[in-house]
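run23.txt follows; it contains compact mmCIF, C-alpha atoms and all ligand atoms.
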```txt
# COMPACT_ATOMS: atom_id res chain seq x y z
CA MET A 5 -30.77 -22.04 7.60
CA SER A 6 -27.19 -21.98 8.88
CA VAL A 7 -25.08 -18.84 8.77
CA VAL A 8 -23.00 -20.47 6.02
CA GLN A 9 -26.09 -21.25 3.95
CA ALA A 10 -27.39 -17.73 4.55
CA ALA A 11 -24.06 -16.27 3.47
CA ALA A 12 -24.02 -18.46 0.37
CA LYS A 13 -27.50 -17.20 -0.47
CA VAL A 14 -26.45 -13.55 -0.05
CA TYR A 15 -23.33 -14.24 -2.08
CA ASN A 16 -25.19 -15.91 -4.92
CA THR A 17 -27.97 -13.37 -4.92
CA PHE A 18 -25.54 -10.49 -4.95
CA HIS A 19 -23.50 -12.00 -7.74
CA ALA A 20 -26.34 -13.20 -9.93
CA PRO A 21 -26.60 -9.81 -11.69
CA VAL A 22 -22.88 -10.00 -12.57
CA ALA A 23 -23.70 -12.73 -15.08
CA GLN A 24 -26.40 -10.47 -16.53
CA LEU A 25 -24.30 -7.33 -16.79
CA ASP A 26 -24.21 -5.94 -20.28
CA GLN A 27 -21.15 -3.81 -19.64
CA SER A 28 -18.14 -3.91 -17.32
CA ILE A 29 -18.20 -2.10 -14.01
CA TRP A 30 -15.22 -1.00 -11.97
CA LEU A 31 -15.26 -2.04 -8.32
CA ARG A 32 -12.86 -0.54 -5.86
CA THR A 33 -12.09 -1.65 -2.33
CA ARG A 34 -9.24 -0.13 -0.28
CA GLY A 35 -6.61 0.39 -2.95
CA SER A 36 -7.52 -2.57 -5.15
CA GLY A 37 -9.59 -2.08 -8.25
CA VAL A 38 -11.12 -4.74 -10.38
CA ARG A 39 -13.33 -4.56 -13.39
CA VAL A 40 -16.21 -6.99 -13.20
CA SER A 41 -17.34 -8.04 -16.62
CA PRO A 42 -20.35 -9.78 -18.07
CA GLY A 43 -19.99 -13.52 -17.51
CA ALA A 44 -16.89 -12.94 -15.37
CA PRO A 45 -15.39 -16.29 -14.35
CA PHE A 46 -14.28 -15.05 -10.94
CA PHE A 47 -15.97 -12.88 -8.36
CA ALA A 48 -14.53 -9.68 -7.01
CA VAL A 49 -15.21 -10.27 -3.36
CA SER A 50 -14.11 -13.32 -1.44
CA PHE A 51 -16.64 -15.72 -0.02
CA SER A 52 -15.21 -15.30 3.49
CA GLN A 53 -15.85 -11.56 3.25
CA PHE A 54 -19.48 -12.30 2.49
CA LEU A 55 -19.64 -14.87 5.23
CA ARG A 56 -18.49 -12.33 7.80
CA LEU A 57 -20.72 -9.65 6.36
CA SER A 58 -23.88 -11.72 6.58
CA PHE A 59 -22.91 -12.96 10.05
CA PHE A 60 -22.57 -9.42 11.31
CA CYS A 61 -25.74 -8.36 9.60
CA SER A 62 -27.80 -11.24 10.92
CA ASP A 63 -30.52 -10.03 13.27
CA ARG A 64 -29.55 -12.65 15.85
CA MET A 65 -26.86 -10.34 17.08
CA SER A 66 -27.04 -6.69 17.90
CA ALA A 67 -24.69 -4.84 15.60
CA GLU A 68 -23.56 -2.63 18.45
CA THR A 69 -22.69 -5.50 20.81
CA ALA A 70 -20.85 -7.33 18.07
CA LEU A 71 -18.96 -4.20 17.03
CA ALA A 72 -18.01 -3.42 20.65
CA SER A 73 -16.59 -6.91 21.08
CA LEU A 74 -14.71 -6.75 17.78
CA ILE A 75 -13.26 -3.35 18.71
CA GLU A 76 -12.11 -4.60 22.08
CA ASP A 77 -10.40 -7.58 20.47
CA LEU A 78 -8.70 -5.42 17.86
CA GLU A 79 -7.62 -2.75 20.37
CA GLN A 80 -5.94 -5.40 22.51
CA ASP A 81 -4.36 -7.29 19.64
CA ARG A 82 -1.24 -5.20 18.97
CA SER A 83 0.24 -8.13 17.00
CA LEU A 84 -1.78 -6.82 14.05
CA GLU A 85 0.84 -4.10 13.73
CA GLU A 86 3.38 -6.74 12.75
CA PRO A 87 3.87 -6.05 8.99
CA ARG A 88 3.88 -9.78 8.15
CA LEU A 89 0.32 -10.21 9.47
CA LEU A 90 -1.23 -8.66 6.38
CA ARG A 91 -3.88 -11.34 5.95
CA GLN A 92 -5.14 -10.88 9.50
CA ARG A 93 -5.15 -7.07 9.10
CA ILE A 94 -7.11 -7.30 5.87
CA GLU A 95 -9.63 -9.57 7.59
CA ALA A 96 -9.96 -7.10 10.46
CA LEU A 97 -10.45 -4.24 7.97
CA ASP A 98 -13.06 -6.30 6.12
CA ASP A 99 -14.88 -6.91 9.40
CA LEU A 100 -14.84 -3.20 10.25
CA ASP A 101 -15.99 -2.39 6.71
CA ALA A 102 -18.83 -4.84 7.09
CA PHE A 103 -20.00 -3.12 10.27
CA LEU A 104 -19.53 0.41 9.12
CA SER A 105 -21.45 -0.20 5.93
CA CYS A 106 -24.18 -2.51 7.10
CA ALA A 107 -25.55 -1.54 10.51
CA PRO A 108 -29.16 -2.81 10.56
CA VAL A 109 -31.79 -0.11 10.18
CA GLY A 110 -33.04 1.05 13.59
CA GLN A 111 -29.80 0.06 15.36
CA PRO A 112 -27.63 3.17 15.10
CA ILE A 113 -24.06 2.63 16.26
CA ALA A 114 -22.92 4.90 19.11
CA THR A 115 -20.57 7.72 18.06
CA THR A 116 -17.84 6.65 20.50
CA LEU A 117 -17.82 3.16 19.01
CA LEU A 118 -17.63 4.61 15.53
CA HIS A 119 -14.65 6.76 16.52
CA ARG A 120 -12.87 3.79 18.05
CA ALA A 121 -13.60 1.70 14.92
CA LYS A 122 -12.25 4.46 12.67
CA ALA A 123 -9.11 4.84 14.81
CA ILE A 124 -8.36 1.10 14.47
CA TYR A 125 -9.12 1.31 10.76
CA SER A 126 -6.59 4.14 10.28
CA ARG A 127 -3.96 2.39 12.42
CA LEU A 128 -4.23 -0.84 10.40
CA GLU A 129 -4.29 0.96 7.07
CA PHE A 130 -1.20 2.91 8.10
CA VAL A 131 0.68 -0.37 8.75
CA ASN A 132 -0.39 -1.65 5.32
CA LEU A 133 0.63 1.55 3.54
CA SER A 134 4.04 1.48 5.27
CA LEU A 135 4.49 -2.14 4.17
CA TYR A 136 3.62 -1.34 0.53
CA LYS A 137 5.90 1.69 0.61
CA SER A 138 8.87 -0.29 1.91
CA ILE A 139 8.43 -2.98 -0.78
CA ARG A 140 8.18 -0.21 -3.43
CA ARG A 141 11.39 1.35 -2.15
CA ASN A 142 13.16 -2.01 -2.45
CA ILE A 143 11.90 -2.48 -6.00
CA GLN A 144 13.00 1.04 -6.93
CA ARG A 145 16.54 0.33 -5.82
CA GLY A 146 16.62 -3.00 -7.68
CA ALA A 147 16.15 -5.17 -4.59
CA GLY A 148 12.45 -5.92 -4.92
CA ARG A 149 12.71 -9.60 -5.86
CA ALA A 150 13.27 -10.90 -2.33
CA SER A 151 10.75 -8.58 -0.72
CA LEU A 152 7.96 -9.67 -3.09
CA LEU A 153 8.92 -13.35 -3.23
CA GLU A 154 8.70 -13.39 0.55
CA TRP A 155 4.92 -13.30 0.05
CA MET A 156 4.80 -16.19 -2.39
CA PRO A 157 2.69 -19.00 -0.90
CA ASP A 158 4.82 -22.14 -0.51
CA GLY A 159 4.18 -25.18 -2.71
CA ASN A 160 1.56 -26.74 -0.40
CA ASP A 161 -0.24 -23.49 0.20
CA ALA A 162 -0.16 -22.73 -3.50
CA SER A 163 -2.00 -25.91 -4.46
CA LYS A 164 -4.60 -25.24 -1.76
CA LEU A 165 -5.02 -21.68 -2.96
CA ALA A 166 -5.00 -22.60 -6.62
CA ASN A 167 -8.30 -24.39 -6.15
CA SER A 168 -10.07 -21.52 -4.49
CA ARG A 169 -11.79 -18.71 -6.31
CA GLY A 170 -11.83 -14.96 -5.88
CA TYR A 171 -9.35 -12.37 -4.70
CA ASP A 172 -7.62 -12.20 -1.32
CA TYR A 173 -5.09 -10.30 0.77
CA LEU A 174 -2.33 -10.96 -1.80
CA ASP A 175 -4.31 -8.92 -4.33
CA GLU A 176 -4.44 -6.06 -1.82
CA LEU A 177 -0.68 -6.39 -1.42
CA ILE A 178 -0.04 -6.28 -5.17
CA SER A 179 -2.42 -3.35 -5.72
CA GLY A 180 -0.75 -1.47 -2.88
CA VAL A 181 2.73 -2.15 -4.23
CA LEU A 182 2.02 -1.57 -7.93
CA GLN A 183 -0.37 1.34 -7.35
CA PHE A 184 -2.44 1.06 -10.50
CA GLU A 185 -4.31 4.09 -11.67
CA GLU A 186 -7.95 3.59 -12.45
CA PRO A 187 -8.22 3.42 -16.25
CA SER A 188 -10.44 5.86 -18.07
CA ALA A 189 -14.09 4.91 -18.32
CA GLU A 190 -13.83 5.07 -22.11
CA VAL A 191 -12.63 1.72 -23.38
CA VAL A 192 -12.62 0.37 -26.92
CA GLN A 193 -15.50 -1.86 -27.86
CA LEU A 194 -14.23 -5.45 -27.84
CA GLU A 195 -15.18 -7.86 -30.60
CA SER A 196 -17.64 -10.54 -29.55
CA GLU A 197 -15.00 -13.25 -28.94
CA MET A 198 -12.75 -10.97 -26.89
CA ILE A 199 -12.98 -11.15 -23.09
CA ALA A 200 -13.15 -7.97 -21.03
CA TYR A 201 -10.54 -7.16 -18.41
CA GLN A 202 -10.19 -8.97 -15.15
CA PRO A 203 -6.84 -9.52 -13.41
CA THR A 204 -5.43 -12.93 -12.58
CA PRO A 205 -5.66 -13.31 -8.76
CA ALA A 206 -2.22 -12.64 -7.27
CA ARG A 207 -1.78 -16.09 -5.72
CA HIS A 208 -2.16 -17.63 -9.18
CA ILE A 209 0.46 -15.21 -10.53
CA PHE A 210 2.81 -16.34 -7.76
CA ASP A 211 2.01 -19.91 -8.75
CA PHE A 212 2.85 -19.08 -12.40
CA ILE A 213 6.17 -17.53 -11.32
CA ARG A 214 7.06 -20.46 -9.05
CA ARG A 215 6.22 -23.18 -11.56
CA THR A 216 7.71 -21.61 -14.69
CA ALA A 217 11.00 -20.75 -12.91
CA LEU A 218 11.71 -18.04 -15.50
CA THR A 219 15.37 -17.22 -16.11
CA GLU A 220 17.09 -14.28 -17.79
CA GLY A 221 16.98 -16.24 -21.05
CA ASP A 222 13.18 -16.21 -20.96
CA PHE A 223 10.88 -13.79 -22.75
CA PRO A 224 7.43 -14.22 -21.23
CA ILE A 225 4.59 -12.51 -23.09
CA ASP A 226 1.18 -11.93 -21.53
CA LEU A 227 -1.31 -11.93 -24.40
CA GLY A 228 -4.05 -9.52 -23.31
CA SER A 229 -2.09 -8.07 -20.40
CA GLY A 230 -4.75 -5.70 -19.00
CA LEU A 231 -3.27 -3.42 -16.33
CA GLY A 232 -0.10 -5.56 -16.31
CA HIS A 233 -0.28 -7.50 -13.03
CA VAL A 234 1.33 -10.67 -14.46
CA THR A 235 3.98 -8.86 -16.50
CA LEU A 236 4.96 -6.50 -13.68
CA MET A 237 5.11 -9.21 -11.03
CA ALA A 238 7.16 -11.50 -13.30
CA SER A 239 9.52 -8.64 -14.03
CA ILE A 240 10.00 -7.86 -10.32
CA CYS A 241 10.31 -11.48 -9.17
CA THR A 242 12.53 -12.88 -11.96
CA ARG A 243 15.33 -11.83 -14.32
CA ALA A 244 13.23 -12.54 -17.44
CA ASN A 245 12.44 -9.87 -20.04
CA CYS A 246 8.71 -9.47 -19.75
CA THR A 247 6.24 -8.14 -22.32
CA GLY A 248 2.55 -7.39 -22.07
CA ILE A 249 0.47 -7.04 -25.23
CA GLU A 250 -2.91 -5.40 -24.76
CA LEU A 251 -5.55 -4.09 -27.15
CA GLU A 252 -6.96 -1.39 -24.86
CA PRO A 253 -4.76 1.75 -24.97
CA SER A 254 -5.84 3.07 -21.55
CA TYR A 255 -4.79 -0.19 -19.85
CA VAL A 256 -1.41 -0.04 -21.57
CA ASP A 257 -1.03 3.53 -20.38
CA CYS A 258 -1.85 2.51 -16.77
CA ALA A 259 0.57 -0.44 -16.91
CA ARG A 260 3.41 1.82 -18.14
CA LYS A 261 2.62 4.34 -15.42
CA SER A 262 2.92 1.58 -12.79
CA ALA A 263 6.25 0.35 -14.17
CA GLN A 264 7.92 3.73 -14.63
CA PRO A 265 8.32 4.91 -10.98
CA LEU A 266 9.48 1.43 -9.99
CA ASN A 267 12.49 1.73 -12.34
CA LEU A 268 11.69 -1.59 -13.97
CA ASN A 269 13.83 -1.95 -17.06
CA THR A 270 12.98 -5.53 -18.04
CA VAL A 271 9.35 -4.88 -18.76
CA ARG A 272 7.50 -3.35 -21.68
CA PHE A 273 3.91 -2.94 -22.69
CA ILE A 274 2.81 -2.93 -26.31
CA GLN A 275 -0.57 -1.74 -27.46
CA GLY A 276 -1.87 -4.07 -30.14
CA ASP A 277 -3.93 -7.05 -31.16
CA ALA A 278 -2.52 -10.44 -30.18
CA ARG A 279 -3.52 -11.73 -33.64
CA THR A 280 -1.08 -9.43 -35.43
CA ALA A 281 1.55 -8.91 -32.70
CA ASP A 282 5.19 -9.94 -33.14
CA LEU A 283 5.55 -13.12 -31.09
CA SER A 284 8.96 -14.06 -32.49
CA HIS A 285 10.95 -13.46 -29.30
CA GLY A 286 8.57 -15.11 -26.81
CA THR A 287 9.54 -18.26 -24.94
CA VAL A 288 6.63 -18.40 -22.49
CA PHE A 289 3.13 -17.20 -23.41
CA TYR A 290 0.52 -16.45 -20.76
CA LEU A 291 -3.18 -16.38 -21.53
CA TYR A 292 -5.82 -15.62 -18.94
CA THR A 293 -8.57 -16.43 -21.43
CA PRO A 294 -8.27 -13.12 -23.31
CA PHE A 295 -10.43 -14.37 -26.19
CA ASN A 296 -12.12 -17.51 -27.38
CA GLY A 297 -13.54 -19.02 -30.58
CA SER A 298 -11.91 -18.10 -33.87
CA ILE A 299 -9.60 -15.48 -32.29
CA LEU A 300 -8.14 -18.06 -29.90
CA ARG A 301 -7.80 -20.45 -32.86
CA GLU A 302 -5.93 -17.81 -34.90
CA VAL A 303 -3.55 -16.98 -32.03
CA LEU A 304 -2.93 -20.67 -31.30
CA ASN A 305 -2.03 -21.13 -34.99
CA SER A 306 0.52 -18.29 -34.73
CA LEU A 307 1.96 -19.84 -31.56
CA ARG A 308 2.20 -23.17 -33.31
CA GLN A 309 4.27 -21.56 -36.06
CA GLU A 310 6.58 -20.13 -33.39
CA ALA A 311 6.85 -23.58 -31.81
CA VAL A 312 8.17 -25.01 -35.07
CA LYS A 313 11.17 -22.65 -34.74
CA ARG A 314 11.87 -23.17 -31.01
CA GLU A 315 10.38 -24.83 -27.97
CA ILE A 316 7.86 -22.64 -26.21
CA ARG A 317 5.70 -22.93 -23.12
CA ILE A 318 2.09 -21.81 -22.97
CA CYS A 319 0.50 -21.04 -19.61
CA THR A 320 -3.26 -20.72 -19.37
CA PHE A 321 -5.79 -19.70 -16.79
CA GLY A 322 -9.56 -19.94 -17.02
CA PRO A 323 -11.78 -21.53 -19.65
CA CYS A 324 -9.23 -21.34 -22.50
CA THR A 325 -7.27 -24.13 -20.75
CA ARG A 326 -9.73 -26.72 -22.06
CA VAL A 327 -9.24 -25.55 -25.66
CA VAL A 328 -5.45 -25.33 -25.41
CA ALA A 329 -5.32 -28.83 -23.87
CA GLU A 330 -6.76 -30.22 -27.12
CA GLU A 331 -3.77 -29.03 -29.17
CA GLN A 332 -1.81 -32.04 -30.41
CA TRP A 333 1.50 -30.11 -30.55
CA LEU A 334 1.32 -29.25 -26.84
CA THR A 335 1.66 -31.42 -23.78
CA ALA A 336 0.76 -30.48 -20.21
CA ILE A 337 3.97 -30.57 -18.18
CA GLU A 338 2.19 -31.39 -14.92
CA PRO A 339 -1.21 -32.93 -14.22
CA LEU A 340 -3.63 -30.53 -15.85
CA GLU A 341 -4.95 -27.72 -13.62
CA THR A 342 -8.37 -26.58 -14.76
CA ASP A 343 -8.98 -24.33 -11.74
CA GLY A 344 -5.51 -22.84 -11.57
CA ILE A 345 -2.64 -22.18 -13.97
CA ALA A 346 -1.95 -24.90 -16.54
CA ILE A 347 1.46 -25.13 -18.21
CA PHE A 348 2.03 -26.73 -21.61
CA ARG A 349 5.25 -27.38 -23.51
CA SER A 350 5.47 -27.56 -27.30
CA TYR A 351 7.19 -30.47 -28.96
CA TYR A 352 8.22 -30.87 -32.59
C1 LIG B 1 -9.17 -11.67 -18.69
S1 LIG B 1 -8.18 -10.25 -19.04
C2 LIG B 1 -6.58 -10.78 -18.55
C3 LIG B 1 -5.70 -9.66 -18.05
C4 LIG B 1 -4.28 -10.06 -17.66
N1 LIG B 1 -3.69 -10.99 -18.58
C5 LIG B 1 -4.24 -10.68 -16.29
O1 LIG B 1 -4.22 -11.91 -16.23
O2 LIG B 1 -4.25 -9.97 -15.27
C6 LIG B 1 -8.14 -10.29 -20.83
C7 LIG B 1 -7.51 -9.07 -21.46
O3 LIG B 1 -7.29 -9.36 -22.84
C8 LIG B 1 -7.50 -8.17 -23.59
N2 LIG B 1 -7.75 -8.57 -24.99
C9 LIG B 1 -8.87 -9.11 -25.51
N3 LIG B 1 -8.70 -9.40 -26.82
C10 LIG B 1 -7.44 -9.02 -27.14
C11 LIG B 1 -6.66 -9.05 -28.34
N4 LIG B 1 -7.18 -9.54 -29.50
N5 LIG B 1 -5.40 -8.61 -28.31
C12 LIG B 1 -4.87 -8.10 -27.17
N6 LIG B 1 -5.56 -8.02 -26.00
C13 LIG B 1 -6.83 -8.49 -25.98
C14 LIG B 1 -8.67 -7.50 -22.90
O4 LIG B 1 -8.72 -6.11 -23.19
C15 LIG B 1 -8.33 -7.80 -21.43
O5 LIG B 1 -7.56 -6.76 -20.87
```

Would you mind writing the file out in C-alpha cells?
Amino acid sequence: MSVVQAAAKVYNTFHAPVAQLDQSIWLRTRGSGVRVSPGAPFFAVSFSQFLRLSFFCSDRMSAETALASLIEDLEQDRSLEEPRLLRQRIEALDDLDAFLSCAPVGQPIATTLLHRAKAIYSRLEFVNLSLYKSIRRNIQRGAGRASLLEWMPDGNDASKLANSRGYDYLDELISGVLQFEEPSAEVVQLESEMIAYQPTPARHIFDFIRRTALTEGDFPIDLGSGLGHVTLMASICTRANCTGIELEPSYVDCARKSAQPLNLNTVRFIQGDARTADLSHGTVFYLYTPFNGSILREVLNSLRQEAVKREIRICTFGPCTRVVAEEQWLTAIEPLETDGIAIFRSYY
C-alpha cells in the first residue's frame, strides 16, 4: 500500500464517524474553529494534512530522525518569516503538530528536539499573529479592503481551488483576522430540514466576492449566516451593504462581536428565520445549503416574489445548488459549478 493509499485509508477511517454523528462537535485547530455536523458535506481537516500525518507516523521512518531533519530544515529556512509565506508556515506548523501529537509508542522524542520544535512553533505562530494583527489594524482604520484582497487567489488559482474540498491556510488567515469567539455549547434544536453550522471555506468566499463584483448599490444577504464569515468578508472587501440572517442567537452574537472591534459599519446581523425574514432590500442572496426540502422550497418562493419586483442574483454552495438550478425563473450566469459557488440571475 502506498503512502497516499495509506493516508486515504486513515482519512476515510477517521472521517467515517462524522457521517454517523448525531450531534455537532466543535473542532479547534490553532485559532480556527469549525463545527462538524452530522452528514457534513466538507471535512474539517485537509487531505494534505492527513497525508503528512500518516507519512510521519508510518513505522518506516523513525519519528525522531524525521523530526530532527524537519527541525533542521525549518531552522535554516528563515524565508518562513516572510509574512506573505503564510501557506508554507501553516504547512510547517501542521508538520510540527503531526509530530508533537503522534510520536509512535516506544519512540519517545528527545527533550532537546522537543524544545527546538516548540521554539520554531512559537516563532512561526508569532509571524502569523503579527500578520493577522496588521490586517486587523488596516480594517479598523477603514483600509482593510486592499490588505484582505491581496490574499484573494487569482482567477486561475480560484478555479483550481474551487474544485478541492476542505479548509486550508486561507481559513486560518480569516479566523486569525476576524477572531471569532467560540459560540456557546447550547444551540437551538434545528428542525429536521435545517442544516447545522459549517462555514464556507475562505477560498470559496473569495471566489464569491470576485465573481459577484459587488458594488455599493448591492445588498447581499447571507441566508443562514452562521458566525458571519461570508458577510464579514464581503463587507471588508467591497462597498456593499451586507446582511447576515441566522436562526441561532449565539452565532449572531459571535458575528456581531467580530464586526464591532473592526469598526465595520456596512454590516449587520439579524437573528431570525429565513422563511419569515424581510428580504425586500436584498440584491444578492447567498445560500450555503442552510436548509433543504420544504424549507428551501418556501424560501425560494419568497425569493421568486422578490425577483418579480427587481432583478436579483442567487449564489449557492453545496447540495442546494442542484435544487436551485431547477428553478425556471433563474439562469446560471456561468457554466454551473456544482463543487464551488454557483451564481444565478433572475429574469422576468
Ligand atoms: C451550512 S451553514 C452556513 C453558514 C454560513 N452561511 C457560511 O457559509 O459560512 C447553515 C446555517 O444556516 C442556519 N440556518 C438553518 N436554518 C435556518 C433558517 N430557517 N433561518 C436562518 N438560518 C438558518 C444554521 O443555523 C447554520 O448556521

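All residues of protein, DNA or RNA that reach within 10 Å of Asp282 (chain A), judged by all atoms listed in the file and not counting those fewer than 4 positions away in the chain, are Ile249, Gly276, Asp277, Ala278, Gly286 and Ser306 of chain A.
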
List all protein, DNA and RNA residues that have an atom no more than 9 Å from any atom of ligand LIG 1 (chain B), counting only C-alpha atoms and all ligand atoms, and report them as an NGL selection string. :A and (44-45 or 191-192 or 194-195 or 197-206 or 209 or 226-235 or 248-253 or 255 or 275-281 or 290-296 or 299-300 or 303 or 321-322)

Identify, on the basis of all atoms listed in the file, every residue whose closest approach to Arg308 (chain A) does not exceed 8 Å; exclude the query and any residue fewer than 4 positions from it along the same chain; express the result as a PDB file with C-alpha atoms, in the frame of the given file.
```
ATOM      1  CA  LEU A 304      -2.930 -20.670 -31.300  1.00  0.00           C
ATOM      2  CA  VAL A 312       8.170 -25.010 -35.070  1.00  0.00           C
ATOM      3  CA  TRP A 333       1.500 -30.110 -30.550  1.00  0.00           C
TER       4      TRP A 333
END
```

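Each of A:Val131, A:Met237, A:Leu71, A:Leu84 was checked against Met156 (chain A) using all atoms listed in the file; the smallest atom-to-atom distance is that of A:Met237.
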
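Distance check against Gln92 (chain A) using all atoms listed in the file: of A:Ile345, A:Glu186, A:Glu330, A:Leu78, the minimum falls on A:Leu78.
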
Find the spatial neighbours of Glu310 (chain A), counting all atoms listed in the file, within a cut-off of 12 Å - ignore same-chain residues fewer than 6 positions away - and output them as a list in words.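 Listing them by chain and then by number gives Asp282, Leu283, Ser284, His285, Gly286, Thr287, Val288, Phe289, Val303, Leu304, Ile316, Arg317, Ile318, Trp333, Ser350, Tyr351 and Tyr352 of chain A.
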
Next, the residues of the selection above should be written as a PDB file, in the coordinates of the input with C-alpha atoms.
```pdb
ATOM      1  CA  ASP A 282       5.190  -9.940 -33.140  1.00  0.00           C
ATOM      2  CA  LEU A 283       5.550 -13.120 -31.090  1.00  0.00           C
ATOM      3  CA  SER A 284       8.960 -14.060 -32.490  1.00  0.00           C
ATOM      4  CA  HIS A 285      10.950 -13.460 -29.300  1.00  0.00           C
ATOM      5  CA  GLY A 286       8.570 -15.110 -26.810  1.00  0.00           C
ATOM      6  CA  THR A 287       9.540 -18.260 -24.940  1.00  0.00           C
ATOM      7  CA  VAL A 288       6.630 -18.400 -22.490  1.00  0.00           C
ATOM      8  CA  PHE A 289       3.130 -17.200 -23.410  1.00  0.00           C
ATOM      9  CA  VAL A 303      -3.550 -16.980 -32.030  1.00  0.00           C
ATOM     10  CA  LEU A 304      -2.930 -20.670 -31.300  1.00  0.00           C
ATOM     11  CA  ILE A 316       7.860 -22.640 -26.210  1.00  0.00           C
ATOM     12  CA  ARG A 317       5.700 -22.930 -23.120  1.00  0.00           C
ATOM     13  CA  ILE A 318       2.090 -21.810 -22.970  1.00  0.00           C
ATOM     14  CA  TRP A 333       1.500 -30.110 -30.550  1.00  0.00           C
ATOM     15  CA  SER A 350       5.470 -27.560 -27.300  1.00  0.00           C
ATOM     16  CA  TYR A 351       7.190 -30.470 -28.960  1.00  0.00           C
ATOM     17  CA  TYR A 352       8.220 -30.870 -32.590  1.00  0.00           C
TER      18      TYR A 352
END
```

Contact residues around Arg88 (chain A) with all atoms listed in the file at 12 Å, ignoring same-chain residues under 6 positions, as a VMD selection string: chain A and resid 94 131 to 132 134 to 136 151 to 152 154 to 155 173 to 174 177

For the residues in that selection, give me C-alpha atoms as a compact mmCIF listing (two decimals), in the frame of the given file.
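In the end it all went to out_33.txt:
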```txt
# COMPACT_ATOMS: atom_id res chain seq x y z
CA ILE A 94 -7.11 -7.30 5.87
CA VAL A 131 0.68 -0.37 8.75
CA ASN A 132 -0.39 -1.65 5.32
CA SER A 134 4.04 1.48 5.27
CA LEU A 135 4.49 -2.14 4.17
CA TYR A 136 3.62 -1.34 0.53
CA SER A 151 10.75 -8.58 -0.72
CA LEU A 152 7.96 -9.67 -3.09
CA GLU A 154 8.70 -13.39 0.55
CA TRP A 155 4.92 -13.30 0.05
CA TYR A 173 -5.09 -10.30 0.77
CA LEU A 174 -2.33 -10.96 -1.80
CA LEU A 177 -0.68 -6.39 -1.42
```

Compare A:Glu129, A:Asp257, A:Glu331, A:Asp172 by their minimum atom-to-atom distance to Pro87 (chain A), counting all atoms listed in the file, and give me the closest one.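 Selected residue with least distance to Pro87 (chain A): A:Glu129.
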
For CA of Glu341 (chain A) and CA of Arg215 (chain A), determine how far apart the two atoms are, in Å to one decimal place. 12.2 Å

Could you please determine the separation between CA of Ser126 (chain A) and CA of Asn267 (chain A) in Å, to one decimal place? 29.7 Å
